[in-house]
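Novice: I am sharing my_file38.txt, which consists of compact mmCIF, C-alpha atoms:
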```txt
# COMPACT_ATOMS: atom_id res chain seq x y z
CA MET A 105 7.09 0.98 3.78
CA VAL A 106 5.31 -2.36 3.78
CA GLY A 107 6.84 -4.78 1.26
CA ILE A 108 4.91 -6.89 -1.24
CA VAL A 109 5.77 -10.46 -2.29
CA LEU A 110 4.09 -12.07 -5.30
CA VAL A 111 4.17 -15.86 -5.46
CA SER A 112 3.20 -17.75 -8.59
CA HIS A 113 3.72 -21.14 -10.20
CA SER A 114 5.15 -19.19 -13.11
CA PHE A 115 8.36 -17.16 -13.15
CA GLU A 116 6.90 -14.96 -15.89
CA LEU A 117 3.61 -14.37 -14.12
CA ALA A 118 5.31 -13.41 -10.84
CA HIS A 119 7.83 -11.14 -12.53
CA GLY A 120 5.32 -9.57 -14.92
CA LEU A 121 2.92 -8.73 -12.14
CA ALA A 122 5.78 -7.39 -10.04
CA ALA A 123 6.74 -5.03 -12.89
CA LEU A 124 3.19 -3.74 -13.27
CA THR A 125 2.68 -3.44 -9.53
CA ALA A 126 5.94 -1.59 -8.97
CA GLN A 127 5.02 0.91 -11.68
CA VAL A 128 1.66 1.69 -10.11
CA ALA A 129 3.02 1.82 -6.57
CA GLY A 130 5.88 4.16 -7.42
CA GLU A 131 9.31 4.39 -5.92
CA GLY A 132 10.00 3.21 -2.42
CA VAL A 133 7.82 0.10 -2.38
CA ARG A 134 9.67 -3.19 -2.53
CA VAL A 135 7.74 -5.55 -4.79
CA GLU A 136 9.45 -8.93 -4.99
CA PRO A 137 8.44 -11.86 -7.22
CA ALA A 138 8.90 -15.56 -6.47
CA GLY A 139 7.88 -18.11 -9.06
CA GLY A 140 8.93 -21.06 -11.16
CA ALA A 141 10.59 -24.38 -10.41
CA PRO A 142 14.37 -24.74 -10.16
CA GLY A 143 15.72 -25.24 -13.67
CA GLY A 144 12.61 -23.78 -15.30
CA GLY A 145 9.04 -24.98 -15.57
CA LEU A 146 6.12 -24.35 -13.29
CA GLY A 147 6.38 -24.57 -9.54
CA THR A 148 7.10 -22.68 -6.36
CA THR A 149 9.87 -23.28 -3.86
CA GLY A 150 9.90 -22.24 -0.26
CA ASP A 151 13.48 -21.04 -0.64
CA ASP A 152 12.53 -18.62 -3.42
CA VAL A 153 9.58 -17.33 -1.42
CA TRP A 154 11.68 -16.83 1.68
CA ALA A 155 14.37 -15.00 -0.30
CA ALA A 156 11.71 -12.70 -1.78
CA ILE A 157 10.27 -12.03 1.68
CA SER A 158 13.73 -11.19 2.97
CA ARG A 159 14.29 -8.73 0.10
CA ALA A 160 10.88 -7.13 0.66
CA GLU A 161 11.20 -6.77 4.42
CA ASN A 162 12.00 -3.25 5.43
CA GLY A 163 10.99 -3.33 9.08
CA GLU A 164 7.35 -2.47 8.48
CA GLY A 165 6.06 -5.87 7.45
CA VAL A 166 5.42 -7.83 4.28
CA VAL A 167 2.21 -8.75 2.50
CA VAL A 168 2.36 -11.97 0.50
CA LEU A 169 -0.05 -12.77 -2.34
CA ALA A 170 -0.10 -16.13 -4.09
CA ASP A 171 -1.78 -17.19 -7.32
CA LEU A 172 -3.41 -20.59 -6.70
CA GLY A 173 -3.34 -23.94 -4.96
CA SER A 174 0.13 -25.20 -4.20
CA SER A 175 1.66 -21.72 -4.28
CA VAL A 176 -0.66 -20.85 -1.42
CA LEU A 177 0.23 -24.07 0.39
CA THR A 178 3.95 -23.43 -0.05
CA VAL A 179 3.63 -20.00 1.56
CA ARG A 180 1.42 -21.26 4.37
CA HIS A 181 3.80 -24.09 5.14
CA LEU A 182 6.76 -21.70 5.10
CA LEU A 183 5.12 -19.18 7.39
CA GLU A 184 3.96 -21.78 9.91
CA GLY A 185 7.47 -22.10 11.21
CA LYS A 186 8.62 -18.52 10.70
CA ALA A 187 5.71 -16.11 10.92
CA ASN A 188 6.16 -13.38 13.44
CA GLY A 189 3.06 -11.34 12.69
CA HIS A 190 4.90 -9.03 10.34
CA ILE A 191 4.53 -11.32 7.35
CA LYS A 192 0.95 -11.81 6.21
CA LEU A 193 -0.37 -14.09 3.50
CA VAL A 194 -3.60 -12.53 2.26
CA ASP A 195 -6.54 -14.24 0.60
CA ALA A 196 -7.01 -11.87 -2.32
CA PRO A 197 -7.20 -11.79 -6.13
CA PHE A 198 -3.64 -11.93 -7.43
CA VAL A 199 -3.58 -8.92 -9.80
CA GLU A 200 -6.08 -6.58 -8.17
CA GLY A 201 -4.90 -7.47 -4.68
CA ALA A 202 -1.28 -6.78 -5.56
CA ILE A 203 -2.10 -3.39 -7.09
CA ALA A 204 -4.35 -2.32 -4.22
CA ALA A 205 -1.81 -3.42 -1.61
CA ALA A 206 1.12 -1.78 -3.34
CA VAL A 207 -0.60 1.60 -3.73
CA MET A 208 -1.51 1.56 -0.05
CA ALA A 209 2.06 0.63 0.83
CA GLY A 210 3.32 3.42 -1.44
CA ALA A 211 1.12 5.89 0.42
CA GLY A 212 2.85 4.90 3.64
CA GLN A 213 -0.07 2.97 5.14
CA GLU A 214 0.47 0.40 7.87
CA LEU A 215 0.50 -3.37 7.45
CA ASP A 216 -3.10 -3.97 8.58
CA ASP A 217 -4.42 -1.33 6.16
CA VAL A 218 -2.39 -2.77 3.30
CA VAL A 219 -3.76 -6.24 4.09
CA ARG A 220 -7.33 -4.91 4.17
CA ALA A 221 -6.93 -3.15 0.82
CA ALA A 222 -5.78 -6.41 -0.77
CA GLU A 223 -8.68 -8.36 0.73
CA ASP A 224 -11.18 -5.70 -0.33
CA ALA A 225 -9.98 -6.06 -3.92
CA ARG A 226 -12.13 -9.17 -4.18
CA GLY A 227 -15.26 -7.08 -4.67
CA ALA A 228 -13.76 -4.59 -7.12
CA LYS A 229 -15.25 -4.25 -10.58
CA LYS A 230 -12.97 -3.87 -13.58
CA PHE A 231 -15.28 -1.41 -15.31
CA MET B 139 -20.41 22.14 12.88
CA SER B 140 -20.98 20.55 9.52
CA ALA B 141 -18.06 19.27 7.50
CA ILE B 142 -16.66 21.33 4.68
CA ARG B 143 -17.71 20.07 1.25
CA LYS B 144 -16.06 21.33 -1.89
CA GLU B 145 -16.24 20.42 -5.54
CA VAL B 146 -14.12 21.27 -8.55
CA ASP B 147 -13.97 20.21 -12.20
CA VAL B 148 -10.61 19.51 -13.78
CA SER B 149 -9.69 18.05 -17.16
CA MET B 150 -7.18 15.29 -17.77
CA PRO B 151 -4.28 16.34 -19.99
CA PRO B 152 -5.27 15.52 -23.60
CA ASP B 153 -2.65 12.83 -24.07
CA VAL B 154 -2.80 11.10 -20.67
CA ALA B 155 -5.33 8.46 -19.61
CA LEU B 156 -6.00 7.60 -15.99
CA HIS B 157 -4.34 4.21 -16.33
CA ALA B 158 -2.17 2.34 -13.87
CA ARG B 159 0.75 4.64 -13.15
CA PRO B 160 -1.04 8.03 -13.28
CA ALA B 161 -3.92 6.56 -11.27
CA GLY B 162 -1.44 5.37 -8.66
CA LEU B 163 -0.06 8.89 -8.31
CA PHE B 164 -3.55 10.37 -8.05
CA VAL B 165 -4.70 7.88 -5.39
CA LYS B 166 -1.57 8.31 -3.30
CA THR B 167 -2.10 12.08 -3.38
CA ALA B 168 -5.72 11.64 -2.24
CA MET B 169 -4.60 9.45 0.65
CA ARG B 170 -2.59 12.30 2.12
CA PHE B 171 -5.84 13.94 3.24
CA GLU B 172 -8.37 13.15 5.93
CA SER B 173 -11.26 14.26 3.75
CA ARG B 174 -13.44 11.78 1.93
CA VAL B 175 -12.69 12.39 -1.75
CA THR B 176 -14.59 11.15 -4.77
CA VAL B 177 -13.83 11.47 -8.45
CA GLY B 178 -16.69 11.51 -10.92
CA VAL B 179 -16.59 10.83 -14.64
CA GLU B 180 -19.68 10.95 -16.85
CA GLY B 181 -22.10 9.89 -14.15
CA LYS B 182 -19.81 7.32 -12.53
CA ALA B 183 -18.13 8.10 -9.22
CA ALA B 184 -15.19 6.45 -7.49
CA ASP B 185 -13.52 6.68 -4.11
CA ALA B 186 -10.38 8.65 -4.95
CA LYS B 187 -8.44 6.67 -2.34
CA SER B 188 -9.17 3.32 -3.99
CA ILE B 189 -6.87 2.49 -6.90
CA LEU B 190 -9.17 -0.21 -8.25
CA SER B 191 -12.19 2.12 -8.21
CA VAL B 192 -10.24 4.86 -9.95
CA LEU B 193 -8.91 2.47 -12.61
CA ALA B 194 -12.44 1.19 -13.23
CA LEU B 195 -13.51 4.72 -14.26
CA GLY B 196 -11.47 4.26 -17.42
CA ALA B 197 -10.93 8.01 -17.78
CA THR B 198 -9.18 8.84 -21.04
CA GLY B 199 -7.12 11.86 -22.08
CA GLY B 200 -9.03 15.13 -21.96
CA THR B 201 -11.83 13.70 -19.81
CA ARG B 202 -13.44 16.12 -17.40
CA LEU B 203 -13.22 14.88 -13.80
CA THR B 204 -15.41 16.18 -10.99
CA LEU B 205 -13.51 16.06 -7.72
CA THR B 206 -15.50 16.28 -4.51
CA ALA B 207 -14.00 16.47 -1.05
CA GLU B 208 -15.71 16.43 2.30
CA GLY B 209 -13.81 17.14 5.50
CA ASP B 210 -11.71 19.71 7.29
CA ASP B 211 -8.92 19.64 4.70
CA ALA B 212 -11.26 19.53 1.68
CA GLY B 213 -9.97 22.77 0.16
CA GLU B 214 -6.35 21.77 0.40
CA ALA B 215 -7.14 18.28 -0.93
CA LEU B 216 -8.85 19.60 -4.04
CA GLU B 217 -6.13 22.13 -4.69
CA LEU B 218 -3.42 19.48 -4.63
CA LEU B 219 -5.47 16.89 -6.51
CA SER B 220 -6.34 19.35 -9.28
CA ALA B 221 -2.66 20.17 -9.66
CA CYS B 222 -1.88 16.45 -9.66
CA VAL B 223 -4.37 15.78 -12.48
CA THR B 224 -3.25 18.65 -14.69
CA GLY B 225 0.39 17.71 -14.10
CA LEU B 226 0.02 14.04 -15.09
CA VAL B 227 2.34 12.88 -17.85
CA GLU B 228 2.54 9.67 -19.87
```
Is it possible to give me this structure as structure tokens?
Specialist:
Amino acid sequence: MVGIVLVSHSFELAHGLAALTAQVAGEGVRVEPAGGAPGGGLGTTGDDVWAAISRAENGEGVVVLADLGSSVLTVRHLLEGKANGHIKLVDAPFVEGAIAAAVMAGAGQELDDVVRAAEDARGAKKF
Amino acid sequence: MSAIRKEVDVSMPPDVALHARPAGLFVKTAMRFESRVTVGVEGKAADAKSILSVLALGATGGTRLTLTAEGDDAGEALELLSACVTGLVE
């Protein structure tokens, strides 16, 4: 299954969203958080993101979602040197995109379909 | 030949709402079929294969859902989805 990586400035935000996302997606989907600066506080490190990607990778690709600003830049910078087409940073709302992507991954859909579901989450209404 | 279209009403278990985890199960079940499937609640309808659409329905325990499927496997889809809904647990 396609893996999901959630990158935030905040350790709690990344881990909390990962817990929610994993519950909706069900068993079998690797949802890996990366967030927080070394020693606590807000921030994102490339090392944490890469470790999360490595844990999420299962041979079928990884979708990466980031919260805002420098988290996005950290991922983009990281992937510039390493991207092989199987790791995709998507421009999507953090919560809705993660849920949509993870359910698609949990249903066994392929990387491109998982990416599209996350991107399409931008237009989704909450009620 | 026109596509098969089927519809069935099914009620949510009284103590289970269609929130995140149950909705995830429902949507993943719907995705196993080729048919286009919609779920209707009190005049609102959602694509049964879209988790965000299904969550936005806000269906609570005991709510009557109208499942509609269109496609060659419509009958099988509704059979399995009905069983999925009635079997949902908290």
Novice: Using all atoms listed in the file, which residues sit within 7 Å of stretch 153-167 of chain B once same-chain residues fewer than 5 positions away are excluded, as a ChimeraX atom specification?
Specialist: /A:127-129,207,211 /B:186-189,192-193,196-199,219,222,226-228
Novice: Distance atom CA of A:Ala156-atom CA of A:Ala225, one decimal place?
Specialist: 22.8 Å
Novice: Residues of chain A within 10 Å of chain B, using only C-alpha atoms, as a short mmCIF file (atom, residue, chain, number, x, y, z; two decimals) with C-alpha atoms, keeping the file's coordinate frame?
Specialist:
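What follows is the written file iface_19.cif:
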```cif
data_model
loop_
_atom_site.label_atom_id
_atom_site.label_comp_id
_atom_site.auth_asym_id
_atom_site.auth_seq_id
_atom_site.Cartn_x
_atom_site.Cartn_y
_atom_site.Cartn_z
CA LEU A 124 3.19 -3.74 -13.27
CA THR A 125 2.68 -3.44 -9.53
CA ALA A 126 5.94 -1.59 -8.97
CA GLN A 127 5.02 0.91 -11.68
CA VAL A 128 1.66 1.69 -10.11
CA ALA A 129 3.02 1.82 -6.57
CA GLY A 130 5.88 4.16 -7.42
CA GLU A 200 -6.08 -6.58 -8.17
CA GLY A 201 -4.90 -7.47 -4.68
CA ILE A 203 -2.10 -3.39 -7.09
CA ALA A 204 -4.35 -2.32 -4.22
CA ALA A 205 -1.81 -3.42 -1.61
CA ALA A 206 1.12 -1.78 -3.34
CA VAL A 207 -0.60 1.60 -3.73
CA MET A 208 -1.51 1.56 -0.05
CA ALA A 209 2.06 0.63 0.83
CA GLY A 210 3.32 3.42 -1.44
CA ALA A 211 1.12 5.89 0.42
CA GLY A 212 2.85 4.90 3.64
CA GLN A 213 -0.07 2.97 5.14
CA ALA A 221 -6.93 -3.15 0.82
CA ASP A 224 -11.18 -5.70 -0.33
CA ALA A 225 -9.98 -6.06 -3.92
CA GLY A 227 -15.26 -7.08 -4.67
CA ALA A 228 -13.76 -4.59 -7.12
CA LYS A 229 -15.25 -4.25 -10.58
CA LYS A 230 -12.97 -3.87 -13.58
CA PHE A 231 -15.28 -1.41 -15.31
#
```
Novice: Distance atom CA of B:Asp210-atom CA of B:Arg143, one decimal place?
Specialist: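 Distance between the two atoms: 8.5 Å.
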Novice: Which distance in Å separates atom CA of A:Phe115 and atom CA of A:Ala160, to one decimal?
Specialist: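 Pair atom CA of A:Phe115 / atom CA of A:Ala160 returns 17.3 Å.
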Novice: Pick out the residues sitting within 9 Å of B:Val175, and hand them over as a list in words; count all atoms listed in the file, and ignore anything fewer than 3 positions along from it in its own chain.
Specialist: Ala168, Met169, Phe171, Glu172, Ala184, Asp185, Ala186, Lys187, Leu205, Thr206, Ala207, Glu208, Gly209, Ala212, Ala215 and Leu216 of chain B
Novice: So that I can see what lies close to B:Gly200, please list as an MDAnalysis selection string the residues with an atom at most 7 Å from it, counting only C-alpha atoms and leaving out residues fewer than 3 positions away in the same chain.
Specialist: chainID B and resid 149:152
Novice: What are the centre and edge lengths in Å, to one decimal, of the axis-aligned box around all listed atoms of stretch 164-171 of chain B with 5 Å added on each side, as AutoDock Vina command-line options?
Specialist:
```
--center_x -3.7 --center_y 10.9 --center_z -2.4 --size_x 14.3 --size_y 16.1 --size_z 21.3
```
Novice: Hey, what's within 10 Å of A:Leu121 if we count all atoms listed in the file and toss same-chain stuff fewer than 4 positions away? As an MDAnalysis selection string, please?
Specialist: chainID A and resid 110:112 116:117 125:127 135:137 198:199 202:203
Novice: Can you work out which one of A:Val106, A:Ala141, A:Leu215, A:Val194 has the shortest atom-to-atom distance to A:Asp171, counting only C-alpha atoms?
Specialist: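 Among the listed residues, the smallest separation from A:Asp171 belongs to A:Val194.
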Novice: Missing atoms in stretch 163-182 of chain B should be modelled up to N, CA and C atoms and reported as a PDB file, in the frame of the given file.
Specialist:
```pdb
ATOM      1  N   LEU B 163      -0.486   7.582  -8.820  1.00  0.00           N
ATOM      2  CA  LEU B 163      -0.060   8.890  -8.310  1.00  0.00           C
ATOM      3  C   LEU B 163      -1.241   9.661  -7.720  1.00  0.00           C
ATOM      4  N   PHE B 164      -2.337   9.648  -8.465  1.00  0.00           N
ATOM      5  CA  PHE B 164      -3.550  10.370  -8.050  1.00  0.00           C
ATOM      6  C   PHE B 164      -4.057   9.836  -6.708  1.00  0.00           C
ATOM      7  N   VAL B 165      -4.159   8.511  -6.602  1.00  0.00           N
ATOM      8  CA  VAL B 165      -4.700   7.880  -5.390  1.00  0.00           C
ATOM      9  C   VAL B 165      -3.782   8.136  -4.191  1.00  0.00           C
ATOM     10  N   LYS B 166      -2.489   8.064  -4.419  1.00  0.00           N
ATOM     11  CA  LYS B 166      -1.570   8.310  -3.300  1.00  0.00           C
ATOM     12  C   LYS B 166      -1.661   9.766  -2.838  1.00  0.00           C
ATOM     13  N   THR B 167      -1.909  10.671  -3.763  1.00  0.00           N
ATOM     14  CA  THR B 167      -2.100  12.080  -3.380  1.00  0.00           C
ATOM     15  C   THR B 167      -3.370  12.216  -2.538  1.00  0.00           C
ATOM     16  N   ALA B 168      -4.443  11.559  -2.974  1.00  0.00           N
ATOM     17  CA  ALA B 168      -5.720  11.640  -2.240  1.00  0.00           C
ATOM     18  C   ALA B 168      -5.568  11.107  -0.812  1.00  0.00           C
ATOM     19  N   MET B 169      -4.751  10.075  -0.675  1.00  0.00           N
ATOM     20  CA  MET B 169      -4.600   9.450   0.650  1.00  0.00           C
ATOM     21  C   MET B 169      -3.865  10.324   1.650  1.00  0.00           C
ATOM     22  N   ARG B 170      -3.286  11.412   1.180  1.00  0.00           N
ATOM     23  CA  ARG B 170      -2.590  12.300   2.120  1.00  0.00           C
ATOM     24  C   ARG B 170      -3.563  13.147   2.932  1.00  0.00           C
ATOM     25  N   PHE B 171      -4.855  13.084   2.578  1.00  0.00           N
ATOM     26  CA  PHE B 171      -5.840  13.940   3.240  1.00  0.00           C
ATOM     27  C   PHE B 171      -6.846  13.131   4.052  1.00  0.00           C
ATOM     28  N   GLU B 172      -7.349  13.775   5.090  1.00  0.00           N
ATOM     29  CA  GLU B 172      -8.370  13.150   5.930  1.00  0.00           C
ATOM     30  C   GLU B 172      -9.706  13.114   5.213  1.00  0.00           C
ATOM     31  N   SER B 173      -9.953  14.111   4.390  1.00  0.00           N
ATOM     32  CA  SER B 173     -11.260  14.260   3.750  1.00  0.00           C
ATOM     33  C   SER B 173     -11.626  13.035   2.930  1.00  0.00           C
ATOM     34  N   ARG B 174     -12.932  12.804   2.842  1.00  0.00           N
ATOM     35  CA  ARG B 174     -13.440  11.780   1.930  1.00  0.00           C
ATOM     36  C   ARG B 174     -13.443  12.433   0.544  1.00  0.00           C
ATOM     37  N   VAL B 175     -12.805  11.796  -0.421  1.00  0.00           N
ATOM     38  CA  VAL B 175     -12.690  12.390  -1.750  1.00  0.00           C
ATOM     39  C   VAL B 175     -13.257  11.439  -2.794  1.00  0.00           C
ATOM     40  N   THR B 176     -14.091  11.968  -3.665  1.00  0.00           N
ATOM     41  CA  THR B 176     -14.590  11.150  -4.770  1.00  0.00           C
ATOM     42  C   THR B 176     -14.214  11.802  -6.087  1.00  0.00           C
ATOM     43  N   VAL B 177     -14.110  10.966  -7.112  1.00  0.00           N
ATOM     44  CA  VAL B 177     -13.830  11.470  -8.450  1.00  0.00           C
ATOM     45  C   VAL B 177     -14.929  10.955  -9.372  1.00  0.00           C
ATOM     46  N   GLY B 178     -15.582  11.876 -10.056  1.00  0.00           N
ATOM     47  CA  GLY B 178     -16.690  11.510 -10.920  1.00  0.00           C
ATOM     48  C   GLY B 178     -16.347  11.709 -12.388  1.00  0.00           C
ATOM     49  N   VAL B 179     -16.790  10.754 -13.196  1.00  0.00           N
ATOM     50  CA  VAL B 179     -16.590  10.830 -14.640  1.00  0.00           C
ATOM     51  C   VAL B 179     -17.879  10.395 -15.322  1.00  0.00           C
ATOM     52  N   GLU B 180     -18.489  11.286 -16.057  1.00  0.00           N
ATOM     53  CA  GLU B 180     -19.680  10.950 -16.850  1.00  0.00           C
ATOM     54  C   GLU B 180     -20.680  10.096 -16.075  1.00  0.00           C
ATOM     55  N   GLY B 181     -21.063  10.572 -14.912  1.00  0.00           N
ATOM     56  CA  GLY B 181     -22.100   9.890 -14.150  1.00  0.00           C
ATOM     57  C   GLY B 181     -21.608   8.778 -13.232  1.00  0.00           C
ATOM     58  N   LYS B 182     -20.372   8.334 -13.441  1.00  0.00           N
ATOM     59  CA  LYS B 182     -19.810   7.320 -12.530  1.00  0.00           C
ATOM     60  C   LYS B 182     -18.973   8.036 -11.480  1.00  0.00           C
TER      61      LYS B 182
END
```
